[in-house]
Every structure is written in structure tokens, then in C-alpha cells.
Amino acid sequence: MRAQPTIMLIYTGGTIGMIKDFETGALRNFDFDELLNHIPELKLLDCTIETVSFKKPIDSSDMNTEAWIALAEIIESQYHRVDGFVILHGSDTMSFSASALSFMLENLDKPVIFTGSQLPIGDLRTDAKENLITSIQIAALRENNQPVIREVGLYFEYKLFRGNRTTKISAEHFEAFTSMNYPPLAESGMNLTINRELLFRPNLKKPLIVHKELETRILVIKMFPGIDKNTFEYLTNYPHVQALIIETYGTGNVTTESWFLQKLRTLTAREIPIINITQCEKGSVMMGLYETSTELKKIGIISGKDINFEAAIAKTMYLLGKKLSLSSFKTFFETSLRGEMD
């Protein structure tokens, strides 16, 4: 008889870990050791559930690299003992965290599923129960005693997405996340349908490597008509900046003003990586397609292809932490490492 898989729930903070006091109407955190008392349906799942919580749960707006490292270390310490992880997280920065963990956990071959909710568990109309129950079910899925999901995913409102392909699109609807450039890995309805051809397949012969060096001195500038020369130069003159991400128009287009292009040449000469990502929700950077991006290609600007903003930030932090040369950084960034780009 096959033993039940063991799934570890990790609570970082957020709405899903709150319950309403019906006498006062106030929200409060509940003890995750009593999770089964709040969601008795979990007893019906064919797995063993363990829980661990940050000593001091944080609002997702306060999420930072130290918390990401703490998450990675929990996973690292329990990796060979449990079969999968479900991370309960506030929705505002969930896509950033899912992206970061995808890069930090190299050669991951077990499920790490992020989920949360728009309404707390104690609310009558909560989305927390379905999100949590199905996330655990997905994390526990096995075939031939091997996990079906072997990557960092994000489950919300009946869909499992690749974590580093997601972005939050709504502050009020239950369908709060989307993945514009990559289809869902799984969909939940009457049946749980796994889109197997879309799943990421790691090299199972290599052990898990946990990367904990992340560089945060990144400047992000979004293009807009009339961008000011003095403001742009002031920002890019910061001596400690380690990388610049530019959110460009369409397929990677920018102003052709000489002062703008000259500043990019100066930064490149200083070995500062400059990453070009589109500010469009859907689509890809294709430098050289239009004249307004041809010069960027000549300068050596890095193409973000169809990567989204959250993954671009996380990937930049991760690669900067590896202390690469500019040419190596460019090669690695333009290569899909965890299924984050096509």
C-alpha cells in the first residue's frame, strides 16, 4: 500500500490566514495548527498535511528578499522529507514571490504552489477554501510514485499557472491573476485537468540548489511620451545602480532622442545590464522590428522577449547575485531558465 504524500503548508501572511470575529467584525490571524478545525474538508484529501508559519506573519506589501530566503530555507530543510509545498501568501506580491522562488530553487523536482484569497477564510463568500483545498490536491498529485507538478506554480480561482508567468490583474475579483503569454498548467472544474504538455520538466539527475544571493539595486523606468531628459539622467546617474529595466512601447520601442540613446551607451560601457521588456500585457520584445528599436540592438540592450515584469525583476536579482560579466548576464537573461520566457 502506497503511503500518503506529505504536503507542507507554509503561511507567510495575507488574507487567507485571517478569520472574522463575528462578534466584532474584525479580522484576526488564526493559529495554523488548528487549520483542520477551520476547514474540515481537508480531512477528505488523500495526503498528510503539516503546517509551519512565519514567526511573525507579514502583509504581502512588506514582502522582501529576506522573506524569500526564509521561504527557500524552509523548503530546503524539508525538501527530502515531504512531497510538496503549498505557500499561503498575500495576493499583492504573490507573483513576485512565485517568480523569485522559481529562480532560487534550481533543479526543483517537487511542487511548490502559491495560493491565497481575496476574502478571509471566515467570510461567508470566501474564495480561500477552494483555493487552498485544490492547491493541496495539486501538490499531492502523483503518478508512478512521482510528483506530477515539478515547478513553482500559482493557483487561484480554478487555474494553476506557472508562477513566473503570472501577474495580478484585479484587486476585487476572485479571478485576480492571469498569465497572458502562457496557458494554464491545470484547470479545476468538475474534474481537475492537467495540461501535461505545458509542464516544466527539470533535470532529475541534478540535486536541488538553493540560491540565496539576490541583488536589489535595480532601477526600473517606464517609457512615456515626453519623458524628461533631466529626470532620466538624474535617476541613471545613481552610482550604485546594478541594472536598469526599461518598460518600452510595443515590441520594444523607445524614443530616438540622442540624449536618451547616449545615456544607454554610457551605462553599457559601465557594464550595467539594461533589460528591455514590453509594457504591453501580452506580446514580446523584438528589437529591430521597427526603426525605433534598431539602435537598442546595436547598443547591446538585453531582450526580455515575452517575460513579464515580476519575472524580469526576480530574474535580474538572481542573475546579479551570481556576479556575472555583462556578456554572460545577457546570455543567461535571454535564455529561458525556468520556463519564464519563450
# chains A, B, ... in the order shown; residues from 1 in each chain; ligands from 1
>>> select_by_dssp(residues="region 6-220 of chain A", states="strand (DSSP E or B)", output="MDAnalysis selection string")
chainID A and resid 6:11 18:20 27:29 48:53 84:88 105:106 112:115 142:143 146:147 152:156 159:162 167:168 177:178 186:188 192:194 209:210 218:220
>>> select_by_dssp(residues="region 113-305 of chain A", states="helix (DSSP H, G or I)", output="PyMOL selection string")
chain A and resi 128-140+163-165+196-198+229-236+258-269+291-299
>>> write_last_selection(atoms="C-alpha atoms", output="mmCIF file, in the first residue's frame")
data_model
loop_
_atom_site.group_PDB
_atom_site.id
_atom_site.type_symbol
_atom_site.label_atom_id
_atom_site.label_comp_id
_atom_site.auth_asym_id
_atom_site.auth_seq_id
_atom_site.Cartn_x
_atom_site.Cartn_y
_atom_site.Cartn_z
ATOM 1 C CA ALA A 128 -9.985 30.799 0.441
ATOM 2 C CA LYS A 129 -11.322 27.275 0.924
ATOM 3 C CA GLU A 130 -11.404 26.292 -2.746
ATOM 4 C CA ASN A 131 -8.029 27.856 -3.445
ATOM 5 C CA LEU A 132 -6.422 26.074 -0.509
ATOM 6 C CA ILE A 133 -8.074 22.677 -0.987
ATOM 7 C CA THR A 134 -7.284 22.481 -4.699
ATOM 8 C CA SER A 135 -3.722 23.752 -4.204
ATOM 9 C CA ILE A 136 -3.082 20.924 -1.749
ATOM 10 C CA GLN A 137 -4.716 18.432 -4.099
ATOM 11 C CA ILE A 138 -2.474 19.612 -6.957
ATOM 12 C CA ALA A 139 0.642 19.457 -4.779
ATOM 13 C CA ALA A 140 -0.251 15.897 -3.777
ATOM 14 C CA GLY A 163 4.414 31.091 -11.112
ATOM 15 C CA ASN A 164 6.904 33.158 -13.069
ATOM 16 C CA ARG A 165 4.361 33.806 -15.827
ATOM 17 C CA ARG A 196 0.758 17.945 -19.272
ATOM 18 C CA GLU A 197 2.423 19.177 -22.436
ATOM 19 C CA LEU A 198 2.857 22.585 -20.796
ATOM 20 C CA LYS A 229 15.885 64.322 -20.030
ATOM 21 C CA ASN A 230 16.998 65.758 -16.675
ATOM 22 C CA THR A 231 14.893 63.321 -14.659
ATOM 23 C CA PHE A 232 16.126 60.347 -16.681
ATOM 24 C CA GLU A 233 19.758 61.401 -16.338
ATOM 25 C CA TYR A 234 19.373 62.076 -12.610
ATOM 26 C CA LEU A 235 17.985 58.596 -11.999
ATOM 27 C CA THR A 236 20.528 56.793 -14.161
ATOM 28 C CA SER A 258 20.072 61.353 -28.931
ATOM 29 C CA TRP A 259 20.437 62.125 -25.210
ATOM 30 C CA PHE A 260 18.409 59.030 -24.315
ATOM 31 C CA LEU A 261 20.402 56.656 -26.508
ATOM 32 C CA GLN A 262 23.726 58.180 -25.437
ATOM 33 C CA LYS A 263 22.887 57.571 -21.783
ATOM 34 C CA LEU A 264 22.174 53.903 -22.552
ATOM 35 C CA ARG A 265 25.568 53.655 -24.267
ATOM 36 C CA THR A 266 27.215 55.151 -21.177
ATOM 37 C CA LEU A 267 25.553 52.638 -18.851
ATOM 38 C CA THR A 268 26.503 49.733 -21.090
ATOM 39 C CA ALA A 269 30.109 50.945 -21.098
ATOM 40 C CA GLU A 291 13.492 51.662 -36.549
ATOM 41 C CA THR A 292 12.808 52.948 -33.014
ATOM 42 C CA SER A 293 14.375 49.816 -31.518
ATOM 43 C CA THR A 294 17.142 49.164 -34.047
ATOM 44 C CA GLU A 295 19.654 51.302 -32.171
ATOM 45 C CA LEU A 296 18.949 49.403 -28.932
ATOM 46 C CA LYS A 297 20.056 46.209 -30.609
ATOM 47 C CA LYS A 298 23.285 47.881 -31.762
ATOM 48 C CA ILE A 299 23.994 49.156 -28.248
#
>>> residues_around(residues="Thr251 (chain A)", least_positions_apart="2", cutoff="8 Å", atoms="only C-alpha atoms", output="MDAnalysis selection string")
chainID A and resid 248:249 253 278 283:287 289
>>> closest_residue(among="A:Ile49, A:Leu199, A:Met8, A:Ile218", to="Val241 (chain A)", atoms="only C-alpha atoms")
A:Ile218
>>> closest_residue(among="A:Ala70, A:Leu214, A:Ile75, A:Ile7", to="Lys322 (chain A)", atoms="only C-alpha atoms")
A:Leu214
>>> atom_distance(atom1="CA of Leu204 (chain A)", atom2="CA of Leu108 (chain A)")
8.4 Å
>>> closest_residue(among="A:His211, A:Arg125, A:His240, A:Arg150", to="Gly84 (chain A)", atoms="only C-alpha atoms")
A:Arg150
>>> residues_around(residues="Pro120 (chain A)", least_positions_apart="4", cutoff="7 Å", atoms="only C-alpha atoms", output="ChimeraX atom specification")
/A:15-19,126,128
>>> decode(residues="region 278-321 of chain A", atoms="N, CA and C atoms", output="short mmCIF file (atom, residue, chain, number, x, y, z; two decimals), in the first residue's frame")
data_model
loop_
_atom_site.label_atom_id
_atom_site.label_comp_id
_atom_site.auth_asym_id
_atom_site.auth_seq_id
_atom_site.Cartn_x
_atom_site.Cartn_y
_atom_site.Cartn_z
N THR A 278 8.55 44.69 -22.62
CA THR A 278 7.41 45.45 -23.11
C THR A 278 6.45 45.79 -21.99
N GLN A 279 5.88 47.00 -22.05
CA GLN A 279 4.86 47.37 -21.08
C GLN A 279 3.48 46.86 -21.48
N CYS A 280 3.40 46.20 -22.63
CA CYS A 280 2.13 45.59 -23.03
C CYS A 280 1.87 44.35 -22.17
N GLU A 281 0.60 44.07 -21.90
CA GLU A 281 0.26 42.91 -21.10
C GLU A 281 0.58 41.61 -21.85
N LYS A 282 0.42 41.63 -23.16
CA LYS A 282 0.65 40.44 -23.96
C LYS A 282 1.58 40.76 -25.12
N GLY A 283 2.47 39.83 -25.44
CA GLY A 283 3.37 40.05 -26.56
C GLY A 283 4.82 39.94 -26.16
N SER A 284 5.71 40.29 -27.10
CA SER A 284 7.14 40.06 -26.90
C SER A 284 7.96 41.20 -27.46
N VAL A 285 9.12 41.42 -26.85
CA VAL A 285 10.10 42.37 -27.38
C VAL A 285 10.77 41.75 -28.61
N MET A 286 10.82 42.52 -29.69
CA MET A 286 11.51 42.09 -30.91
C MET A 286 12.31 43.27 -31.43
N MET A 287 13.45 43.51 -30.83
CA MET A 287 14.26 44.67 -31.20
C MET A 287 14.74 44.56 -32.65
N GLY A 288 14.60 45.66 -33.37
CA GLY A 288 14.98 45.69 -34.78
C GLY A 288 13.79 45.57 -35.71
N LEU A 289 12.63 45.22 -35.16
CA LEU A 289 11.45 45.11 -35.99
C LEU A 289 11.05 46.49 -36.52
N TYR A 290 11.20 47.52 -35.66
CA TYR A 290 10.94 48.90 -36.07
C TYR A 290 12.22 49.71 -35.88
N GLU A 291 12.31 50.81 -36.61
CA GLU A 291 13.49 51.66 -36.55
C GLU A 291 13.75 52.18 -35.14
N THR A 292 12.67 52.38 -34.35
CA THR A 292 12.81 52.95 -33.01
C THR A 292 13.46 51.98 -32.02
N SER A 293 13.67 50.74 -32.41
CA SER A 293 14.37 49.82 -31.52
C SER A 293 15.66 49.27 -32.14
N THR A 294 15.94 49.66 -33.37
CA THR A 294 17.14 49.16 -34.05
C THR A 294 18.41 49.57 -33.31
N GLU A 295 18.45 50.82 -32.85
CA GLU A 295 19.65 51.30 -32.17
C GLU A 295 19.88 50.56 -30.85
N LEU A 296 18.81 50.15 -30.19
CA LEU A 296 18.95 49.40 -28.93
C LEU A 296 19.70 48.10 -29.17
N LYS A 297 19.39 47.46 -30.26
CA LYS A 297 20.06 46.21 -30.61
C LYS A 297 21.55 46.44 -30.84
N LYS A 298 21.88 47.55 -31.51
CA LYS A 298 23.28 47.88 -31.76
C LYS A 298 24.03 48.16 -30.46
N ILE A 299 23.36 48.81 -29.53
CA ILE A 299 23.99 49.16 -28.25
C ILE A 299 24.27 47.91 -27.42
N GLY A 300 23.49 46.86 -27.63
CA GLY A 300 23.65 45.63 -26.85
C GLY A 300 22.66 45.49 -25.72
N ILE A 301 21.52 46.19 -25.86
CA ILE A 301 20.47 46.08 -24.84
C ILE A 301 19.94 44.64 -24.81
N ILE A 302 19.61 44.16 -23.63
CA ILE A 302 19.18 42.78 -23.43
C ILE A 302 17.69 42.66 -23.73
N SER A 303 17.32 41.68 -24.53
CA SER A 303 15.91 41.46 -24.85
C SER A 303 15.24 40.62 -23.77
N GLY A 304 14.14 41.17 -23.23
CA GLY A 304 13.35 40.42 -22.27
C GLY A 304 12.34 39.49 -22.94
N LYS A 305 12.29 39.53 -24.27
CA LYS A 305 11.37 38.68 -25.03
C LYS A 305 9.95 38.84 -24.46
N ASP A 306 9.30 37.74 -24.08
CA ASP A 306 7.92 37.86 -23.57
C ASP A 306 7.84 37.73 -22.06
N ILE A 307 8.95 37.95 -21.36
CA ILE A 307 8.94 37.88 -19.90
C ILE A 307 8.06 38.99 -19.33
N ASN A 308 7.38 38.70 -18.21
CA ASN A 308 6.58 39.76 -17.59
C ASN A 308 7.41 40.52 -16.56
N PHE A 309 6.83 41.59 -16.03
CA PHE A 309 7.60 42.47 -15.16
C PHE A 309 8.07 41.77 -13.89
N GLU A 310 7.17 41.01 -13.26
CA GLU A 310 7.52 40.35 -12.00
C GLU A 310 8.68 39.39 -12.18
N ALA A 311 8.63 38.60 -13.24
CA ALA A 311 9.71 37.65 -13.50
C ALA A 311 11.00 38.36 -13.89
N ALA A 312 10.88 39.47 -14.61
CA ALA A 312 12.07 40.24 -15.01
C ALA A 312 12.80 40.76 -13.78
N ILE A 313 12.06 41.26 -12.80
CA ILE A 313 12.66 41.73 -11.55
C ILE A 313 13.37 40.59 -10.85
N ALA A 314 12.67 39.46 -10.68
CA ALA A 314 13.22 38.32 -9.95
C ALA A 314 14.45 37.74 -10.66
N LYS A 315 14.37 37.63 -11.98
CA LYS A 315 15.49 37.06 -12.73
C LYS A 315 16.71 37.97 -12.66
N THR A 316 16.47 39.28 -12.71
CA THR A 316 17.58 40.24 -12.61
C THR A 316 18.24 40.15 -11.24
N MET A 317 17.45 40.10 -10.18
CA MET A 317 18.01 39.94 -8.83
C MET A 317 18.86 38.67 -8.73
N TYR A 318 18.33 37.59 -9.27
CA TYR A 318 19.01 36.29 -9.22
C TYR A 318 20.32 36.31 -10.01
N LEU A 319 20.29 36.81 -11.24
CA LEU A 319 21.50 36.81 -12.06
C LEU A 319 22.55 37.80 -11.54
N LEU A 320 22.12 38.94 -11.02
CA LEU A 320 23.07 39.88 -10.43
C LEU A 320 23.77 39.25 -9.23
N GLY A 321 23.04 38.43 -8.49
CA GLY A 321 23.63 37.75 -7.34
C GLY A 321 24.73 36.78 -7.71
#
